[in-house]
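Source file upload.tsv; content: TSV, C-alpha atoms.
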chain	number	residue	atom	x	y	z
A	1	MET	CA	0.00	0.00	0.00
A	2	SER	CA	1.37	3.40	-0.90
A	3	ALA	CA	1.92	6.05	1.74
A	4	ASP	CA	-0.81	8.19	0.14
A	5	ALA	CA	-3.40	5.41	0.39
A	6	ASN	CA	-2.69	5.04	4.09
A	7	SER	CA	-2.28	8.71	4.99
A	8	ASP	CA	-4.42	10.24	7.71
A	9	GLU	CA	-6.34	12.37	5.21
A	10	SER	CA	-7.44	9.30	3.27
A	11	ARG	CA	-8.91	7.76	6.43
A	12	ILE	CA	-10.55	10.78	8.12
A	13	LEU	CA	-14.06	12.21	7.82
A	14	VAL	CA	-14.64	15.72	9.19
A	15	LEU	CA	-17.67	17.71	10.21
A	16	ASN	CA	-16.92	21.38	10.94
A	17	ARG	CA	-19.75	23.55	12.29
A	18	LEU	CA	-20.23	26.83	14.09
A	19	ILE	CA	-22.81	26.10	16.78
A	20	ASP	CA	-24.80	28.98	18.24
A	21	ALA	CA	-24.18	28.07	21.89
A	22	PRO	CA	-21.23	28.41	24.30
A	23	ARG	CA	-18.78	25.52	24.21
A	24	GLU	CA	-19.45	24.61	27.86
A	25	LYS	CA	-23.05	23.80	26.90
A	26	VAL	CA	-22.08	21.92	23.75
A	27	PHE	CA	-19.51	19.89	25.71
A	28	ARG	CA	-22.11	19.19	28.39
A	29	CYS	CA	-24.49	17.77	25.76
A	30	TRP	CA	-21.75	15.29	24.82
A	31	THR	CA	-20.86	14.32	28.39
A	32	ASP	CA	-24.15	14.26	30.32
A	33	ALA	CA	-25.85	10.85	30.06
A	34	GLU	CA	-29.28	12.48	30.46
A	35	LEU	CA	-28.69	15.01	27.66
A	36	LEU	CA	-26.89	12.87	25.07
A	37	PRO	CA	-29.95	10.72	24.20
A	38	LYS	CA	-31.92	13.86	23.35
A	39	TRP	CA	-29.78	14.67	20.29
A	40	PHE	CA	-27.29	11.89	19.52
A	41	ALA	CA	-29.13	9.88	16.84
A	42	PRO	CA	-30.41	11.47	13.64
A	43	LYS	CA	-34.20	11.49	13.81
A	44	PRO	CA	-36.23	9.33	13.31
A	45	TRP	CA	-33.57	7.18	15.03
A	46	THR	CA	-33.38	7.41	18.83
A	47	THR	CA	-30.89	6.84	21.63
A	48	PRO	CA	-32.66	4.80	24.30
A	49	ARG	CA	-29.61	4.48	26.54
A	50	ALA	CA	-26.29	6.17	27.28
A	51	GLU	CA	-23.80	5.27	30.00
A	52	LEU	CA	-20.90	7.70	30.14
A	53	ASP	CA	-17.85	7.53	32.43
A	54	VAL	CA	-16.20	10.65	31.02
A	55	ARG	CA	-12.51	10.28	31.89
A	56	PRO	CA	-9.54	8.77	30.07
A	57	GLY	CA	-10.08	5.01	30.23
A	58	GLY	CA	-13.75	5.44	31.13
A	59	THR	CA	-16.42	3.52	29.30
A	60	CYS	CA	-18.91	5.09	26.94
A	61	PHE	CA	-21.82	2.84	26.00
A	62	VAL	CA	-24.47	4.29	23.71
A	63	VAL	CA	-27.40	2.39	22.25
A	64	MET	CA	-29.04	3.70	19.10
A	65	ALA	CA	-32.38	2.41	17.78
A	66	ASP	CA	-33.82	2.55	14.28
A	67	PRO	CA	-37.46	3.52	13.67
A	68	ASP	CA	-38.49	-0.17	13.93
A	69	GLY	CA	-36.98	-0.45	17.41
A	70	ASN	CA	-33.92	-2.50	16.42
A	71	GLU	CA	-31.10	-1.55	18.79
A	72	TYR	CA	-27.46	-1.00	17.90
A	73	PRO	CA	-25.13	-0.96	20.92
A	74	ASN	CA	-21.95	1.08	20.59
A	75	PRO	CA	-19.43	0.28	23.32
A	76	GLY	CA	-16.27	2.32	23.58
A	77	VAL	CA	-13.67	3.96	25.76
A	78	TYR	CA	-12.62	7.58	26.24
A	79	LEU	CA	-8.97	8.14	25.36
A	80	ASP	CA	-8.67	11.84	26.18
A	81	VAL	CA	-10.92	14.32	27.96
A	82	VAL	CA	-10.16	18.02	28.26
A	83	PRO	CA	-13.29	19.68	29.68
A	84	ASN	CA	-14.94	22.12	27.25
A	85	GLU	CA	-12.12	21.66	24.72
A	86	ARG	CA	-11.67	18.07	23.54
A	87	LEU	CA	-13.11	14.56	23.68
A	88	VAL	CA	-11.46	11.54	22.10
A	89	PHE	CA	-13.11	8.13	22.15
A	90	THR	CA	-12.82	4.84	20.29
A	91	ASP	CA	-14.65	1.61	19.67
A	92	ALA	CA	-11.28	-0.21	19.57
A	93	PHE	CA	-11.92	-1.11	23.21
A	94	THR	CA	-15.20	-2.14	24.80
A	95	ALA	CA	-14.35	-1.46	28.46
A	96	ALA	CA	-11.34	-1.49	30.77
A	97	TRP	CA	-8.98	-1.80	27.80
A	98	GLU	CA	-10.64	-4.95	26.48
A	99	PRO	CA	-10.05	-5.02	22.71
A	100	SER	CA	-13.17	-4.98	20.58
A	101	GLU	CA	-13.85	-7.57	17.93
A	102	LYS	CA	-13.42	-5.08	15.07
A	103	PRO	CA	-12.30	-1.52	15.71
A	104	PHE	CA	-13.90	0.96	13.32
A	105	PHE	CA	-12.78	4.46	14.27
A	106	VAL	CA	-11.49	7.00	16.77
A	107	GLY	CA	-13.74	10.00	17.32
A	108	GLU	CA	-11.99	13.28	18.05
A	109	LEU	CA	-14.16	16.25	18.98
A	110	THR	CA	-12.89	19.77	19.54
A	111	PHE	CA	-14.83	22.68	21.00
A	112	GLN	CA	-13.39	26.16	20.45
A	113	ASP	CA	-14.86	29.47	21.56
A	114	GLU	CA	-15.71	31.70	18.62
A	115	GLY	CA	-17.41	34.87	19.78
A	116	GLY	CA	-19.75	33.20	22.27
A	117	LYS	CA	-20.47	30.41	19.81
A	118	THR	CA	-18.65	27.09	19.43
A	119	ARG	CA	-16.44	25.98	16.58
A	120	TYR	CA	-17.32	22.28	16.72
A	121	ILE	CA	-15.11	19.93	14.75
A	122	ALA	CA	-15.79	16.21	14.72
A	123	ARG	CA	-13.19	13.95	13.16
A	124	ALA	CA	-13.82	10.26	12.53
A	125	LYS	CA	-10.40	8.66	12.14
A	126	HIS	CA	-10.57	5.16	10.65
A	127	TRP	CA	-8.02	2.37	10.69
A	128	ARG	CA	-8.59	1.56	7.03
A	129	VAL	CA	-9.60	3.58	3.97
A	130	GLU	CA	-12.31	0.97	3.39
A	131	ASP	CA	-13.81	1.74	6.81
A	132	LYS	CA	-13.87	5.46	5.98
A	133	LEU	CA	-15.64	4.76	2.69
A	134	GLU	CA	-18.15	2.51	4.50
A	135	HIS	CA	-18.79	5.28	7.06
A	136	GLU	CA	-19.37	7.76	4.21
A	137	LYS	CA	-21.86	5.37	2.58
A	138	MET	CA	-23.63	4.96	5.94
A	139	GLY	CA	-24.33	8.71	5.72
A	140	PHE	CA	-21.62	10.22	7.92
A	141	HIS	CA	-22.00	13.78	6.65
A	142	GLU	CA	-25.80	13.78	6.54
A	143	GLY	CA	-26.27	11.89	9.84
A	144	TRP	CA	-23.62	13.75	11.81
A	145	GLY	CA	-24.90	17.01	10.30
A	146	ILE	CA	-28.45	16.28	11.48
A	147	CYS	CA	-27.09	15.41	14.91
A	148	ALA	CA	-25.08	18.66	15.01
A	149	ASP	CA	-28.32	20.56	14.32
A	150	GLN	CA	-30.07	18.63	17.11
A	151	LEU	CA	-27.07	19.23	19.42
A	152	GLU	CA	-27.23	22.97	18.71
A	153	ALA	CA	-30.98	23.13	19.37
A	154	LEU	CA	-30.55	21.40	22.73
A	155	ALA	CA	-27.45	23.37	23.79
A	156	LYS	CA	-29.32	26.65	23.13
A	157	THR	CA	-31.95	25.63	25.72
A	158	LEU	CA	-29.50	24.97	28.56

As structure tokens - that is how I would like this structure written.
Amino acid sequence: MSADANSDESRILVLNRLIDAPREKVFRCWTDAELLPKWFAPKPWTTPRAELDVRPGGTCFVVMADPDGNEYPNPGVYLDVVPNERLVFTDAFTAAWEPSEKPFFVGELTFQDEGGKTRYIARAKHWRVEDKLEHEKMGFHEGWGICADQLEALAKTL
């Protein structure tokens, strides 16, 4: 495999939004287990359950459900947590550094103050180019964009 085919850029998907809410509120929506289900899945999908131990090494377990009620559990672990600035998590581990069956990506979120609003950048970093392409086909930009709109709407109410 050439270096270009395996470069970071070829394996990363990015969503970059300016959210009309302070970063403390946007960060809180990502880290509060009662708030996350209110915005996390693109409607008409839902998030019936979220268990968040927001600290490096802490478990994040989020269950999404499709409109028919089929549930999709997403276990993971936080790798880095800088309050109101950065969250990094992965599905490469399920809990307590137990490797997952098939790692898919590392999520890196940054929250930057921009005039009372939040520059919100979500990066999905994949192990393989094929995984990135699969994530794109699953609707990364549309789904994460809808969720960013839902996140903004909730953060504005806090």

State, in Å with one decimal place, the distance from atom CA of A:Asp91 to atom CA of A:Gly57.
->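 Separation of atom CA of A:Asp91 and atom CA of A:Gly57: 12.0 Å.
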
With a distance cut-off of 7 Å and only C-alpha atoms, select the neighbouring residues of stretch 121-127 of chain A, excluding the residue or stretch itself and same-chain residues fewer than 6 positions from it, and output the selection as a PyMOL selection string.
-> chain A and resi 11-17+104-111

Go through A:Thr90, A:Thr47, A:Ser10, A:Asn84 one by one, measure the shortest atom-to-atom distance of each to A:Pro67 using all atoms listed in the file, and give the residue with the smallest value.
-> A:Thr47

May I ask for the distance between atom CA of A:Thr59 and atom CA of A:Thr157, given in Å to one decimal place?
->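 Separation between atom CA of A:Thr59 and atom CA of A:Thr157: 27.3 Å.
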
Could you give me, as a PyMOL selection string, the residues within 10 Å of A:Thr46, counting all atoms listed in the file and dropping anything in the same chain fewer than 6 positions from it?
-> chain A and resi 37-40+63-67+69+71

Give the answer as one residue: which of A:Ala148, A:Arg55, A:Leu154, A:Asp80 has the shortest atom-to-atom distance to A:Glu34, using only C-alpha atoms?
->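 When distances to A:Glu34 are compared using only C-alpha atoms, the smallest one comes from A:Leu154.
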
Do you have the atom CA of A:Gly116-atom CA of A:Cys29 distance handy?
->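 According to the coordinates, atom CA of A:Gly116 and atom CA of A:Cys29 are separated by 16.5 Å.
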
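Shell of A:Val81 at 9 Å, with only C-alpha atoms counted and residues fewer than 6 places along the chain excluded, is Val54, Arg55, Pro56, Leu87, Val88 and Phe89 of chain A.
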
Which of these residues is nearest to A:Cys147, using all atoms listed in the file: A:Glu130, A:Trp45, A:Thr118, A:Val77?
->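 Between A:Glu130, A:Trp45, A:Thr118, A:Val77, the residue approaching A:Cys147 most closely is A:Trp45.
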
A:Lys156 surroundings by only C-alpha atoms, 12 Å radius, close-in-sequence under 3 positions cut, as a ChimeraX atom specification = /A:19-26,28-29,116-118,149-153

Nearest residue to A:Pro44 from the set A:Asp113, A:Glu136, A:Asp131, A:Asp68 (distances using only C-alpha atoms) = A:Asp68

May I have the residues within 9 Å of A:Ala95 as a VMD selection string, using all atoms listed in the file and disregarding those fewer than 3 positions away in the same chain?
-> chain A and resid 57 to 61 75 to 77 98 to 100

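Using only C-alpha atoms, the shortest contact distance between A:His141 and any of A:Asn74, A:Lys102, A:Pro42, A:Val62 is found at A:Pro42.
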
Kindly indicate which residue among A:Asn70, A:Phe93, A:Arg86, A:Ala41 lies nearest to A:Phe140, using all atoms listed in the file for the distances.
-> A:Ala41
